[in-house]
>>> print(open('start35.pdb').read())   # PDB, C-alpha atoms
ATOM      1  CA  MET G   1      -5.813 -20.020 -16.959  1.00  0.00           C
ATOM      2  CA  ALA G   2      -5.357 -22.546 -14.165  1.00  0.00           C
ATOM      3  CA  SER G   3      -3.531 -24.985 -16.427  1.00  0.00           C
ATOM      4  CA  CYS G   4      -1.239 -22.165 -17.522  1.00  0.00           C
ATOM      5  CA  LEU G   5      -0.396 -21.372 -13.893  1.00  0.00           C
ATOM      6  CA  LEU G   6       0.267 -25.032 -13.121  1.00  0.00           C
ATOM      7  CA  THR G   7       2.641 -25.359 -16.068  1.00  0.00           C
ATOM      8  CA  LEU G   8       4.583 -22.343 -14.827  1.00  0.00           C
ATOM      9  CA  GLY G   9       5.259 -24.102 -11.527  1.00  0.00           C
ATOM     10  CA  TYR G  10       2.555 -22.365  -9.511  1.00  0.00           C
ATOM     11  CA  SER G  11       0.598 -24.749  -7.339  1.00  0.00           C
ATOM     12  CA  PRO G  12      -2.302 -23.371  -5.300  1.00  0.00           C
ATOM     13  CA  LEU G  13      -1.784 -26.075  -2.674  1.00  0.00           C
ATOM     14  CA  SER G  14       1.839 -25.273  -1.964  1.00  0.00           C
ATOM     15  CA  PHE G  15       2.534 -22.849   0.847  1.00  0.00           C
ATOM     16  CA  ASN G  16       5.390 -21.790   3.049  1.00  0.00           C
ATOM     17  CA  PHE G  17       5.141 -23.408   6.495  1.00  0.00           C
ATOM     18  CA  GLN G  18       7.095 -20.553   8.088  1.00  0.00           C
ATOM     19  CA  SER G  19       4.532 -18.069   6.777  1.00  0.00           C
ATOM     20  CA  LEU G  20       1.712 -20.162   8.216  1.00  0.00           C
ATOM     21  CA  LEU G  21       3.386 -20.128  11.634  1.00  0.00           C
ATOM     22  CA  LEU G  22       3.868 -16.380  11.354  1.00  0.00           C
ATOM     23  CA  VAL G  23       0.171 -15.843  10.613  1.00  0.00           C
ATOM     24  CA  ILE G  24      -0.823 -18.031  13.575  1.00  0.00           C
ATOM     25  CA  LEU G  25       1.517 -16.148  15.913  1.00  0.00           C
ATOM     26  CA  LEU G  26       0.201 -12.799  14.709  1.00  0.00           C
ATOM     27  CA  LEU G  27      -3.373 -14.015  15.201  1.00  0.00           C
ATOM     28  CA  ILE G  28      -2.623 -15.097  18.776  1.00  0.00           C
ATOM     29  CA  CYS G  29      -0.817 -11.864  19.658  1.00  0.00           C
ATOM     30  CA  THR G  30      -3.462  -9.630  18.069  1.00  0.00           C
ATOM     31  CA  ALA G  31      -6.334 -11.492  19.724  1.00  0.00           C
ATOM     32  CA  ALA G  32      -4.663 -11.316  23.143  1.00  0.00           C
ATOM     33  CA  TYR G  33      -4.058  -7.576  22.706  1.00  0.00           C
ATOM     34  CA  ALA G  34      -7.636  -6.939  21.569  1.00  0.00           C
ATOM     35  CA  HIS G  35      -9.035  -9.021  24.432  1.00  0.00           C
ATOM     36  CA  ALA G  36      -7.027  -6.991  26.937  1.00  0.00           C
ATOM     37  CA  HIS G  37      -8.565  -3.739  25.651  1.00  0.00           C
ATOM     38  CA  ALA G  38     -12.103  -4.917  24.848  1.00  0.00           C
ATOM     39  CA  PRO G  39     -12.886  -8.162  26.680  1.00  0.00           C
ATOM     40  CA  ALA G  40     -16.673  -7.809  26.432  1.00  0.00           C
ATOM     41  CA  ILE G  41     -16.649  -8.032  22.636  1.00  0.00           C
ATOM     42  CA  MET G  42     -14.794 -11.346  22.570  1.00  0.00           C
ATOM     43  CA  ASP G  43     -16.478 -12.847  25.623  1.00  0.00           C
ATOM     44  CA  ARG G  44     -19.961 -12.560  24.144  1.00  0.00           C
ATOM     45  CA  ASN G  45     -18.919 -14.128  20.813  1.00  0.00           C
ATOM     46  CA  LYS G  46     -17.401 -17.390  22.057  1.00  0.00           C
ATOM     47  CA  HIS G  47     -19.463 -19.726  19.919  1.00  0.00           C
ATOM     48  CA  GLU G  48     -19.700 -17.906  16.595  1.00  0.00           C
ATOM     49  CA  PHE G  49     -16.993 -17.231  14.032  1.00  0.00           C
ATOM     50  CA  MET G  50     -15.384 -14.845  16.498  1.00  0.00           C
ATOM     51  CA  GLY G  51     -14.832 -17.849  18.759  1.00  0.00           C
ATOM     52  CA  VAL G  52     -11.590 -18.440  16.874  1.00  0.00           C
ATOM     53  CA  PHE G  53     -10.314 -15.099  18.123  1.00  0.00           C
ATOM     54  CA  TRP G  54     -11.550 -15.850  21.645  1.00  0.00           C
ATOM     55  CA  LYS G  55      -9.621 -19.138  21.643  1.00  0.00           C
ATOM     56  CA  ALA G  56      -6.522 -17.418  20.266  1.00  0.00           C
ATOM     57  CA  ALA G  57      -6.804 -14.814  23.037  1.00  0.00           C
ATOM     58  CA  ARG G  58      -6.992 -17.601  25.643  1.00  0.00           C
ATOM     59  CA  ILE G  59      -3.832 -19.157  24.207  1.00  0.00           C
ATOM     60  CA  GLY G  60      -2.117 -15.767  24.229  1.00  0.00           C
ATOM     61  CA  ASP G  61      -3.163 -15.075  27.825  1.00  0.00           C
ATOM     62  CA  ARG G  62      -2.342 -18.448  29.310  1.00  0.00           C
ATOM     63  CA  LEU G  63       0.819 -19.230  27.370  1.00  0.00           C
ATOM     64  CA  SER G  64       2.188 -15.704  27.025  1.00  0.00           C
ATOM     65  CA  PRO G  65       5.825 -16.533  27.938  1.00  0.00           C
ATOM     66  CA  TYR G  66       5.916 -19.307  25.347  1.00  0.00           C
ATOM     67  CA  VAL G  67       4.164 -17.201  22.722  1.00  0.00           C
ATOM     68  CA  SER G  68       6.627 -14.368  23.268  1.00  0.00           C
ATOM     69  CA  LEU G  69       9.553 -16.777  22.943  1.00  0.00           C
ATOM     70  CA  CYS G  70       8.068 -18.083  19.700  1.00  0.00           C
ATOM     71  CA  CYS G  71       7.704 -14.507  18.440  1.00  0.00           C
ATOM     72  CA  VAL G  72      11.355 -13.779  19.227  1.00  0.00           C
ATOM     73  CA  ALA G  73      12.447 -17.033  17.579  1.00  0.00           C
ATOM     74  CA  MET G  74      10.375 -16.219  14.485  1.00  0.00           C
ATOM     75  CA  ALA G  75      11.837 -12.720  14.317  1.00  0.00           C
ATOM     76  CA  VAL G  76      15.383 -14.072  14.536  1.00  0.00           C
ATOM     77  CA  SER G  77      14.699 -16.716  11.884  1.00  0.00           C
ATOM     78  CA  LEU G  78      13.155 -14.135   9.545  1.00  0.00           C
ATOM     79  CA  PHE G  79      16.034 -11.749  10.142  1.00  0.00           C
ATOM     80  CA  PHE G  80      18.671 -14.313   9.212  1.00  0.00           C
ATOM     81  CA  SER G  81      16.814 -15.936   6.320  1.00  0.00           C
TER      82      SER G  81
END
>>> encode(input="start35.pdb", output="structure tokens")
Amino acid sequence: MASCLLTLGYSPLSFNFQSLLLVILLLICTAAYAHAHAPAIMDRNKHEFMGVFWKAARIGDRLSPYVSLCCVAMAVSLFFS
């Protein structure tokens, strides 16, 4: 099955960089929003798997003007692509 997919031009290692940036921006925005409404949940899970969301919330809180500009730029690029 895998060899059939590779011969059809499907490569599991290829990805769209713009989609990766979109997922990262959505993660940062969602984590910042969730931290604003329920800070105790994220603050007690800093060192486990949820620590990724805590770090994304910190980025969203501290760099919010830059994150919002990146969101606008991503929306414009998706609109015109």
>>> closest_residue(input="start35.pdb", among="G:Phe49, G:Tyr66, G:Phe17, G:Phe79", to="Cys29 in chain G", atoms="only C-alpha atoms")
G:Tyr66
>>> closest_residue(input="start35.pdb", among="G:Ala38, G:Ala32, G:Gln18, G:His47", to="Ser68 in chain G", atoms="all atoms listed in the file")
G:Ala32
>>> closest_residue(input="start35.pdb", among="G:Met42, G:Ile28, G:Leu20, G:Ala36", to="Trp54 in chain G", atoms="only C-alpha atoms")
G:Met42
>>> atom_distance(input="start35.pdb", atom1="CA of Arg44 in chain G", atom2="CA of Val67 in chain G")
24.6 Å
>>> residues_around(input="start35.pdb", residues="Leu27 in chain G", least_positions_apart="6", cutoff="9 Å", atoms="all atoms listed in the file", output="list of chain:residue names")
G:Phe53, G:Ala56, G:Ala57
>>> write_last_selection(input="start35.pdb", atoms="C-alpha atoms", output="short mmCIF file (atom, residue, chain, number, x, y, z; two decimals), in the frame of the given file")
data_model
loop_
_atom_site.label_atom_id
_atom_site.label_comp_id
_atom_site.auth_asym_id
_atom_site.auth_seq_id
_atom_site.Cartn_x
_atom_site.Cartn_y
_atom_site.Cartn_z
CA PHE G 53 -10.31 -15.10 18.12
CA ALA G 56 -6.52 -17.42 20.27
CA ALA G 57 -6.80 -14.81 23.04
#
>>> closest_residue(input="start35.pdb", among="G:Asp43, G:Leu25, G:His37, G:Phe15", to="Val72 in chain G", atoms="all atoms listed in the file")
G:Leu25
>>> atom_distance(input="start35.pdb", atom1="CA of Ile24 in chain G", atom2="CA of Met50 in chain G")
15.2 Å
>>> atom_distance(input="start35.pdb", atom1="CA of Ala31 in chain G", atom2="CA of Gly60 in chain G")
7.5 Å
>>> axis_aligned_box(input="start35.pdb", around="range 51-69 of chain G", padding_each_side="5 Å", output="lines of an AutoDock Vina configuration file")
center_x = -2.6
center_y = -16.8
center_z = 23.1
size_x = 34.4
size_y = 14.9
size_z = 22.4
>>> residues_around(input="start35.pdb", residues="Leu21 in chain G", least_positions_apart="6", cutoff="10 Å", atoms="all atoms listed in the file", output="NGL selection string")
:G and (27 or 70-71 or 74)
>>> decode(input="start35.pdb", residues="range 21-43 of chain G", atoms="N, CA and C atoms", output="PDB file, in the first residue's frame")
ATOM      1  N   LEU G  21       2.543  26.820   9.585  1.00  0.00           N
ATOM      2  CA  LEU G  21       2.483  28.120  10.260  1.00  0.00           C
ATOM      3  C   LEU G  21       1.076  28.427  10.754  1.00  0.00           C
ATOM      4  N   LEU G  22       0.082  28.050   9.975  1.00  0.00           N
ATOM      5  CA  LEU G  22      -1.301  28.270  10.379  1.00  0.00           C
ATOM      6  C   LEU G  22      -1.636  27.470  11.635  1.00  0.00           C
ATOM      7  N   VAL G  23      -1.194  26.231  11.696  1.00  0.00           N
ATOM      8  CA  VAL G  23      -1.453  25.405  12.883  1.00  0.00           C
ATOM      9  C   VAL G  23      -0.755  25.988  14.107  1.00  0.00           C
ATOM     10  N   ILE G  24       0.468  26.470  13.945  1.00  0.00           N
ATOM     11  CA  ILE G  24       1.194  27.067  15.068  1.00  0.00           C
ATOM     12  C   ILE G  24       0.502  28.338  15.547  1.00  0.00           C
ATOM     13  N   LEU G  25       0.057  29.174  14.620  1.00  0.00           N
ATOM     14  CA  LEU G  25      -0.666  30.388  15.013  1.00  0.00           C
ATOM     15  C   LEU G  25      -1.971  30.065  15.723  1.00  0.00           C
ATOM     16  N   LEU G  26      -2.698  29.076  15.232  1.00  0.00           N
ATOM     17  CA  LEU G  26      -3.944  28.691  15.889  1.00  0.00           C
ATOM     18  C   LEU G  26      -3.683  28.112  17.276  1.00  0.00           C
ATOM     19  N   LEU G  27      -2.595  27.363  17.427  1.00  0.00           N
ATOM     20  CA  LEU G  27      -2.233  26.835  18.739  1.00  0.00           C
ATOM     21  C   LEU G  27      -1.935  27.961  19.712  1.00  0.00           C
ATOM     22  N   ILE G  28      -1.172  28.953  19.273  1.00  0.00           N
ATOM     23  CA  ILE G  28      -0.820  30.082  20.143  1.00  0.00           C
ATOM     24  C   ILE G  28      -2.068  30.869  20.531  1.00  0.00           C
ATOM     25  N   CYS G  29      -2.915  31.162  19.562  1.00  0.00           N
ATOM     26  CA  CYS G  29      -4.121  31.955  19.853  1.00  0.00           C
ATOM     27  C   CYS G  29      -5.092  31.199  20.759  1.00  0.00           C
ATOM     28  N   THR G  30      -5.275  29.906  20.514  1.00  0.00           N
ATOM     29  CA  THR G  30      -6.181  29.110  21.327  1.00  0.00           C
ATOM     30  C   THR G  30      -5.660  28.957  22.752  1.00  0.00           C
ATOM     31  N   ALA G  31      -4.353  28.738  22.887  1.00  0.00           N
ATOM     32  CA  ALA G  31      -3.779  28.589  24.228  1.00  0.00           C
ATOM     33  C   ALA G  31      -3.868  29.898  25.013  1.00  0.00           C
ATOM     34  N   ALA G  32      -3.633  31.021  24.356  1.00  0.00           N
ATOM     35  CA  ALA G  32      -3.741  32.310  25.046  1.00  0.00           C
ATOM     36  C   ALA G  32      -5.181  32.577  25.479  1.00  0.00           C
ATOM     37  N   TYR G  33      -6.142  32.232  24.634  1.00  0.00           N
ATOM     38  CA  TYR G  33      -7.552  32.413  24.972  1.00  0.00           C
ATOM     39  C   TYR G  33      -7.951  31.508  26.142  1.00  0.00           C
ATOM     40  N   ALA G  34      -7.521  30.250  26.086  1.00  0.00           N
ATOM     41  CA  ALA G  34      -7.866  29.312  27.161  1.00  0.00           C
ATOM     42  C   ALA G  34      -7.196  29.714  28.471  1.00  0.00           C
ATOM     43  N   HIS G  35      -5.977  30.230  28.394  1.00  0.00           N
ATOM     44  CA  HIS G  35      -5.285  30.650  29.618  1.00  0.00           C
ATOM     45  C   HIS G  35      -5.957  31.872  30.239  1.00  0.00           C
ATOM     46  N   ALA G  36      -6.531  32.723  29.413  1.00  0.00           N
ATOM     47  CA  ALA G  36      -7.226  33.898  29.947  1.00  0.00           C
ATOM     48  C   ALA G  36      -8.493  33.497  30.701  1.00  0.00           C
ATOM     49  N   HIS G  37      -9.134  32.403  30.290  1.00  0.00           N
ATOM     50  CA  HIS G  37     -10.391  31.995  30.928  1.00  0.00           C
ATOM     51  C   HIS G  37     -10.199  30.965  32.036  1.00  0.00           C
ATOM     52  N   ALA G  38      -9.128  30.164  31.943  1.00  0.00           N
ATOM     53  CA  ALA G  38      -8.882  29.148  32.968  1.00  0.00           C
ATOM     54  C   ALA G  38      -7.387  29.051  33.247  1.00  0.00           C
ATOM     55  N   PRO G  39      -6.818  30.048  33.908  1.00  0.00           N
ATOM     56  CA  PRO G  39      -5.362  30.038  34.117  1.00  0.00           C
ATOM     57  C   PRO G  39      -4.882  28.936  35.057  1.00  0.00           C
ATOM     58  N   ALA G  40      -5.702  28.506  35.984  1.00  0.00           N
ATOM     59  CA  ALA G  40      -5.260  27.500  36.958  1.00  0.00           C
ATOM     60  C   ALA G  40      -4.966  26.159  36.300  1.00  0.00           C
ATOM     61  N   ILE G  41      -5.713  25.825  35.265  1.00  0.00           N
ATOM     62  CA  ILE G  41      -5.514  24.535  34.590  1.00  0.00           C
ATOM     63  C   ILE G  41      -4.146  24.490  33.922  1.00  0.00           C
ATOM     64  N   MET G  42      -3.778  25.564  33.236  1.00  0.00           N
ATOM     65  CA  MET G  42      -2.497  25.572  32.530  1.00  0.00           C
ATOM     66  C   MET G  42      -1.327  25.811  33.470  1.00  0.00           C
ATOM     67  N   ASP G  43      -1.533  26.581  34.521  1.00  0.00           N
ATOM     68  CA  ASP G  43      -0.427  26.892  35.427  1.00  0.00           C
ATOM     69  C   ASP G  43       0.026  25.686  36.243  1.00  0.00           C
TER      70      ASP G  43
END
